[in-house]
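target-v3.tsv follows (TSV, C-alpha atoms):
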```
chain	number	residue	atom	x	y	z
X	20	MET	CA	19.00	-13.43	20.40
X	21	ALA	CA	19.95	-17.09	20.38
X	22	ASP	CA	16.66	-17.92	22.05
X	23	LEU	CA	14.81	-15.89	19.47
X	24	ALA	CA	16.56	-17.75	16.66
X	25	ARG	CA	15.74	-21.09	18.20
X	26	ALA	CA	12.12	-20.10	18.66
X	27	ARG	CA	11.99	-18.95	15.08
X	28	GLN	CA	13.32	-22.32	13.89
X	29	GLY	CA	10.80	-24.16	16.02
X	30	MET	CA	7.92	-22.03	14.88
X	31	GLY	CA	8.76	-22.71	11.26
X	32	ARG	CA	7.41	-26.20	11.80
X	33	PHE	CA	4.21	-25.03	13.45
X	34	CYS	CA	3.25	-21.99	11.52
X	35	GLY	CA	4.92	-22.12	8.11
X	36	GLY	CA	4.26	-18.92	6.27
X	37	ALA	CA	3.05	-17.04	9.35
X	38	TRP	CA	6.67	-16.22	10.18
X	39	THR	CA	6.96	-14.11	7.06
X	40	VAL	CA	4.01	-12.00	8.17
X	41	VAL	CA	5.50	-11.47	11.63
X	42	ARG	CA	8.87	-10.51	10.16
X	43	ALA	CA	7.20	-7.93	7.92
X	44	ALA	CA	5.24	-6.48	10.84
X	45	ALA	CA	8.33	-6.36	13.05
X	46	SER	CA	10.30	-4.32	10.54
X	47	ALA	CA	7.71	-1.54	10.80
X	48	THR	CA	7.93	-1.22	14.63
X	49	GLY	CA	10.62	-0.79	17.25
X	50	GLU	CA	12.97	-3.64	18.15
X	51	GLY	CA	11.66	-4.08	21.72
X	52	LEU	CA	8.01	-4.14	20.78
X	53	ARG	CA	8.77	-6.52	17.96
X	54	ARG	CA	10.54	-8.97	20.26
X	55	CYS	CA	7.77	-8.73	22.83
X	56	ARG	CA	5.03	-9.44	20.33
X	57	PHE	CA	6.96	-12.22	18.74
X	58	ALA	CA	7.67	-13.86	22.11
X	59	ALA	CA	3.96	-13.68	23.02
X	60	TRP	CA	3.00	-15.15	19.70
X	61	VAL	CA	5.54	-17.96	20.05
X	62	LYS	CA	4.26	-18.70	23.55
X	63	ASP	CA	0.64	-18.83	22.33
X	64	CYS	CA	1.54	-21.18	19.51
X	65	LEU	CA	3.55	-23.45	21.77
X	66	ASP	CA	0.81	-23.49	24.42
X	67	ALA	CA	-1.79	-24.37	21.80
X	68	ALA	CA	0.41	-27.14	20.41
X	69	ARG	CA	1.05	-28.49	23.90
X	70	GLN	CA	-2.66	-28.48	24.67
X	71	ARG	CA	-3.41	-30.30	21.41
X	72	ASN	CA	-0.74	-32.88	22.20
X	73	ASP	CA	-2.06	-33.34	25.75
X	74	ARG	CA	-5.62	-33.76	24.47
X	75	ALA	CA	-4.47	-36.30	21.88
X	76	ALA	CA	-2.54	-38.25	24.52
X	77	ILE	CA	-5.56	-38.28	26.86
X	78	GLU	CA	-7.84	-39.43	24.04
X	79	GLU	CA	-5.37	-42.15	23.09
X	80	THR	CA	-5.17	-43.38	26.69
X	81	LYS	CA	-8.95	-43.38	27.00
X	82	ALA	CA	-9.34	-45.29	23.72
X	83	CYS	CA	-6.74	-47.78	24.89
X	84	LEU	CA	-8.53	-48.36	28.20
X	85	ARG	CA	-11.89	-48.66	26.43
X	86	ALA	CA	-10.41	-51.23	24.03
X	87	LYS	CA	-8.94	-53.18	26.93
X	88	ARG	CA	-12.29	-53.23	28.76
X	89	ARG	CA	-14.13	-54.36	25.64
X	90	SER	CA	-11.61	-57.08	24.92
X	91	LEU	CA	-11.75	-58.28	28.54
X	92	ALA	CA	-15.54	-58.53	28.32
X	93	LEU	CA	-15.29	-60.52	25.09
X	94	MET	CA	-12.65	-62.85	26.50
X	95	LEU	CA	-14.64	-63.52	29.69
X	96	SER	CA	-17.73	-64.31	27.61
X	97	LEU	CA	-15.73	-66.90	25.66
X	98	LEU	CA	-14.18	-68.65	28.65
X	99	SER	CA	-15.82	-71.56	30.41
X	100	ALA	CA	-16.86	-71.10	34.06
X	101	GLU	CA	-13.70	-72.87	35.32
X	102	GLN	CA	-11.43	-70.87	33.05
X	103	ARG	CA	-13.11	-67.65	34.16
X	104	GLU	CA	-12.64	-68.53	37.81
X	105	GLU	CA	-9.02	-69.45	37.21
X	106	PHE	CA	-8.39	-66.21	35.35
X	107	ARG	CA	-9.97	-64.12	38.12
X	108	ASN	CA	-7.77	-65.78	40.73
X	109	TYR	CA	-4.46	-66.16	38.93
X	110	ARG	CA	-4.55	-63.95	35.80
X	111	TYR	CA	-4.08	-67.02	33.59
X	112	PHE	CA	-6.22	-69.91	32.44
X	113	HIS	CA	-5.63	-73.35	31.00
X	114	ALA	CA	-6.80	-74.63	27.64
X	115	ILE	CA	-6.68	-78.18	26.33
X	116	GLY	CA	-5.51	-78.70	22.76
X	117	GLY	CA	-8.43	-79.80	20.61
X	118	ARG	CA	-6.32	-82.20	18.57
X	119	THR	CA	-3.27	-83.03	20.66
X	120	GLY	CA	-4.78	-82.91	24.14
X	121	ILE	CA	-1.78	-80.84	25.28
X	122	ARG	CA	-2.41	-78.61	28.27
X	123	TYR	CA	-1.64	-74.95	27.65
X	124	ARG	CA	-1.48	-72.13	30.16
X	125	ILE	CA	-2.37	-68.75	28.65
X	126	ARG	CA	-1.05	-65.83	30.68
X	127	VAL	CA	-1.61	-62.07	30.51
X	128	ALA	CA	1.50	-61.01	28.61
X	129	SER	CA	2.27	-59.66	25.20
X	130	PHE	CA	5.17	-61.98	24.37
X	131	ALA	CA	5.57	-65.78	24.63
X	132	ASN	CA	2.54	-65.95	26.91
X	133	ILE	CA	1.53	-69.56	26.24
X	134	ASP	CA	3.16	-72.20	28.43
X	135	ILE	CA	3.07	-75.83	27.39
X	136	VAL	CA	2.43	-77.59	30.65
X	137	GLY	CA	3.94	-81.03	31.14
X	138	PRO	CA	2.33	-83.96	32.95
X	139	ASN	CA	4.11	-82.94	36.16
X	140	GLY	CA	2.63	-79.46	35.94
X	141	ARG	CA	5.91	-77.79	35.02
X	142	THR	CA	6.32	-75.54	32.00
X	143	MET	CA	8.09	-77.41	29.22
X	144	CYS	CA	8.41	-74.52	26.78
X	145	ARG	CA	6.66	-71.34	25.71
X	146	LEU	CA	4.88	-70.41	22.53
X	147	CYS	CA	4.62	-67.02	20.91
X	148	ALA	CA	1.93	-66.45	18.30
X	149	HIS	CA	-0.72	-63.78	18.26
X	150	PRO	CA	-3.30	-62.20	15.96
X	151	ALA	CA	-1.90	-59.71	13.49
X	152	GLY	CA	-2.61	-56.06	14.14
X	153	ASP	CA	-2.57	-54.07	17.30
X	154	VAL	CA	-5.30	-55.93	19.19
X	155	PRO	CA	-5.60	-55.60	22.99
X	156	VAL	CA	-3.98	-58.26	25.17
X	157	TYR	CA	-7.26	-59.94	26.19
X	158	ASP	CA	-8.27	-60.31	22.55
X	159	VAL	CA	-4.88	-61.93	21.96
X	160	MET	CA	-5.55	-64.41	24.76
X	161	ALA	CA	-9.07	-65.16	23.51
X	162	ALA	CA	-7.80	-65.73	19.97
X	163	GLN	CA	-5.06	-68.04	21.22
X	164	MET	CA	-7.57	-70.05	23.24
X	165	LEU	CA	-9.97	-70.39	20.29
X	166	HIS	CA	-7.19	-71.58	17.99
X	167	LEU	CA	-5.75	-74.06	20.49
X	168	GLU	CA	-9.04	-75.59	21.63
X	169	ASP	CA	-10.25	-76.26	18.12
X	170	ALA	CA	-9.07	-79.52	16.57
X	171	ALA	CA	-9.04	-77.99	13.09
X	172	THR	CA	-6.85	-75.00	13.93
X	173	GLU	CA	-4.51	-76.18	16.69
X	174	ARG	CA	-1.89	-77.68	14.37
X	175	ALA	CA	-1.77	-74.62	12.13
X	176	PHE	CA	-1.45	-72.38	15.18
X	177	LEU	CA	1.42	-74.46	16.54
X	178	ARG	CA	3.15	-74.35	13.16
X	179	SER	CA	2.98	-70.56	13.07
X	180	ALA	CA	4.13	-70.15	16.69
X	181	ASN	CA	7.70	-69.49	17.71
X	182	LEU	CA	9.06	-71.77	20.41
X	183	HIS	CA	10.89	-70.31	23.41
X	184	PRO	CA	12.66	-72.03	26.30
X	185	ALA	CA	10.67	-72.52	29.49
X	186	THR	CA	12.63	-69.89	31.37
X	187	SER	CA	13.31	-66.41	30.11
X	188	ALA	CA	16.84	-65.03	29.78
X	189	HIS	CA	16.17	-62.89	32.83
X	190	GLU	CA	15.14	-65.94	34.89
X	191	ARG	CA	18.18	-67.86	33.65
X	192	ARG	CA	20.43	-64.98	34.67
X	193	GLN	CA	18.78	-64.88	38.07
X	194	GLY	CA	19.29	-68.62	38.48
X	195	TRP	CA	22.93	-68.28	37.49
X	196	ALA	CA	23.41	-65.41	39.93
X	197	LEU	CA	21.88	-67.46	42.73
X	198	ARG	CA	24.17	-70.41	41.96
X	199	VAL	CA	27.20	-68.11	42.02
X	200	LEU	CA	26.12	-66.65	45.34
C	7	MET	CA	-52.63	-80.34	26.05
C	8	GLU	CA	-50.05	-83.09	25.97
C	9	LYS	CA	-47.64	-82.95	23.08
C	10	SER	CA	-47.05	-86.08	21.08
C	11	GLY	CA	-43.63	-87.06	19.76
C	12	ILE	CA	-44.74	-86.47	16.18
C	13	SER	CA	-45.89	-82.95	16.87
C	14	ASP	CA	-42.49	-82.20	18.49
C	15	ILE	CA	-40.66	-83.39	15.39
C	16	SER	CA	-42.92	-81.39	13.13
C	17	GLN	CA	-41.97	-78.20	14.98
C	18	PRO	CA	-39.60	-75.99	12.98
C	19	PRO	CA	-35.99	-76.07	14.23
C	20	HIS	CA	-35.11	-73.45	16.82
C	21	LEU	CA	-33.53	-70.43	15.15
C	22	PRO	CA	-31.95	-67.77	17.31
C	23	ARG	CA	-33.59	-64.45	16.70
C	24	LEU	CA	-30.36	-62.50	16.76
C	25	GLY	CA	-26.89	-63.49	15.71
C	26	ARG	CA	-23.83	-61.56	16.77
C	27	MET	CA	-20.48	-61.27	15.03
C	28	SER	CA	-17.53	-59.92	17.08
C	29	ILE	CA	-14.65	-58.81	14.89
C	30	MET	CA	-11.40	-58.34	16.81
C	31	ASP	CA	-9.49	-55.15	16.13
C	32	ARG	CA	-7.48	-52.51	17.99
C	33	SER	CA	-10.65	-51.02	19.50
C	34	GLY	CA	-11.36	-54.29	21.35
C	35	HIS	CA	-13.82	-55.58	18.82
C	36	LYS	CA	-16.54	-54.39	16.51
C	37	GLU	CA	-19.96	-55.97	16.71
C	38	LEU	CA	-22.31	-56.80	13.89
C	39	THR	CA	-25.70	-58.28	14.63
C	40	TRP	CA	-28.25	-59.79	12.34
C	41	ASP	CA	-31.84	-60.83	12.71
C	42	SER	CA	-32.30	-64.34	11.36
C	43	ALA	CA	-35.73	-63.33	10.06
C	44	ARG	CA	-34.40	-60.45	7.96
C	45	LEU	CA	-32.75	-61.32	4.69
C	46	ASP	CA	-31.01	-57.96	4.20
C	47	GLU	CA	-29.25	-58.21	7.56
C	48	ILE	CA	-28.23	-61.80	6.86
C	49	LEU	CA	-26.81	-60.79	3.49
C	50	ALA	CA	-24.86	-57.89	5.01
C	51	ALA	CA	-23.42	-60.17	7.70
C	52	LYS	CA	-22.58	-62.83	5.10
C	53	GLU	CA	-20.80	-60.29	2.91
C	54	THR	CA	-18.74	-59.00	5.86
C	55	PHE	CA	-17.91	-62.55	6.91
C	56	GLU	CA	-16.75	-63.56	3.44
C	57	GLN	CA	-14.69	-60.41	3.03
C	58	LEU	CA	-12.92	-60.98	6.34
C	59	VAL	CA	-12.27	-64.67	5.68
C	60	LYS	CA	-10.86	-63.73	2.27
C	61	ASN	CA	-8.49	-61.35	4.06
C	62	GLY	CA	-7.11	-64.15	6.24
C	63	TYR	CA	-9.34	-63.86	9.29
C	64	THR	CA	-10.49	-67.03	11.07
C	65	ALA	CA	-14.04	-67.46	12.30
C	66	PHE	CA	-15.17	-69.42	15.34
C	67	GLY	CA	-18.84	-69.85	16.06
C	68	SER	CA	-21.42	-71.61	18.17
C	69	ARG	CA	-25.14	-72.30	17.86
C	70	GLN	CA	-25.68	-71.22	21.45
C	71	LYS	CA	-23.60	-68.93	23.60
C	72	ALA	CA	-22.87	-71.65	26.14
C	73	ASP	CA	-21.54	-74.06	23.49
C	74	ALA	CA	-17.85	-74.39	22.65
C	75	ARG	CA	-16.79	-72.33	19.65
C	76	ARG	CA	-15.76	-74.28	16.59
C	77	LEU	CA	-14.06	-73.24	13.36
C	78	VAL	CA	-16.57	-71.89	10.84
C	79	ARG	CA	-15.64	-71.89	7.17
C	80	GLU	CA	-18.94	-70.71	5.71
C	81	PHE	CA	-21.38	-68.20	7.07
C	82	ASP	CA	-24.35	-69.79	8.82
C	83	PRO	CA	-27.13	-67.38	9.85
C	84	THR	CA	-28.42	-69.84	12.44
C	85	LEU	CA	-25.28	-69.36	14.54
C	86	GLU	CA	-25.90	-67.30	17.60
C	87	GLU	CA	-22.34	-66.13	18.04
C	88	LEU	CA	-19.38	-65.65	15.74
C	89	VAL	CA	-15.93	-64.46	16.75
C	90	ILE	CA	-13.67	-63.33	13.93
C	91	VAL	CA	-9.96	-63.42	14.71
C	92	PRO	CA	-7.23	-61.75	12.63
C	93	ARG	CA	-4.58	-63.88	10.91
C	94	THR	CA	-2.10	-65.44	13.36
C	95	VAL	CA	1.56	-64.51	13.18
C	96	GLY	CA	4.49	-65.97	15.09
C	97	GLY	CA	5.99	-63.67	17.72
```
How does the structure come out when it is put into structure tokens?
Amino acid sequence: MADLARARQGMGRFCGGAWTVVRAAASATGEGLRRCRFAAWVKDCLDAARQRNDRAAIEETKACLRAKRRSLALMLSLLSAEQREEFRNYRYFHAIGGRTGIRYRIRVASFANIDIVGPNGRTMCRLCAHPAGDVPVYDVMAAQMLHLEDAATERAFLRSANLHPATSAHERRQGWALRVL
Amino acid sequence: MEKSGISDISQPPHLPRLGRMSIMDRSGHKELTWDSARLDEILAAKETFEQLVKNGYTAFGSRQKADARRLVREFDPTLEELVIVPRTVGG
């Protein structure tokens, strides 16, 4: 009976007023038949809901992959031949600041993915700024490159970016652990 | 027939036949193309461009695909490629 009550509560969300109809029908028949029909109905509803959810999840995944492919194609079309080659080999590319001449390394990541590269080639600090909205990661990288390479927009981009230390907290912890060991 | 320098200058400037606007969004990007010979398409592209710029988007464009993209403040139908980027926010 507890299961039946739980199912009834759950079905209230899915079917709304349909429960009233089932209750009325059940009162006219025997208890066993009523339970059996109700259980079958609950199962059908749950199966249908599960199928709808699965379909929605598959569609969402497909749309996400499609968006990623499209954004990758756009980004590759915007990169220079050297940048494209670098990206294919290392999953990052370098961009030179249009105004400051600073060398940036743009990596495939969703957070703090721009390294400011010092003259010795080491990362001095990291920047985090990205286009508003839920745009795919390669669109984010392309937008960052366009802003940084243009003399008119680099400063504004740097002003809006958040600055992060060169190493992440995880890397710092790892370094500390190694020193302790 | 050999072309003289004067005849070269008198040629109309090269206009790309088709311009393409890529607008970044969550689907990757949306594309809008216009034919530089068709006024209605140019006007539609100009209207979209102005609307997006008004909403905080930034436009980068180039006359030829191989050229570096530069900031574009006003719509130019002679551009071959335009990339419209949403407003930047700090992460």
Q: Tell me, in Å to one decimal, how far CA of Ile115 (chain X) is from CA of Arg141 (chain X).
A: 15.3 Å
Q) If we count only C-alpha atoms, what is near Tyr111 (chain X) at a cut-off of 9 Å, once residues fewer than 2 positions away on the same chain are taken out, given as a PyMOL selection string? A) chain X and resi 102+105-109+113+124-127
Q. Please, which residues of chain C lie no more than 7 Å from chain X when the count uses all atoms listed in the file, and can they be set out as a PyMOL selection string?
A. chain C and resi 30-35+76-77+91-97
Q: Grab the CA of Glu37 (chain C) to CA of Arg118 (chain X) distance for me, in Å with one decimal place.
A: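 CA of Arg118 (chain X) lies 29.6 Å from CA of Glu37 (chain C).
For region 41-53 of chain C, the list of residues within 8 Å, based on only C-alpha atoms and with local chain neighbours fewer than 3 positions off taken out, reads Leu21, Pro22, Arg23, Leu24, Gly25, Met27, Leu38, Glu56, Gln57, Phe81, Pro83 and Thr84 of chain C.
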Q: To one decimal in Å, tell me the separation between CA of Trp40 (chain C) and CA of Thr54 (chain C).
A: 11.5 Å
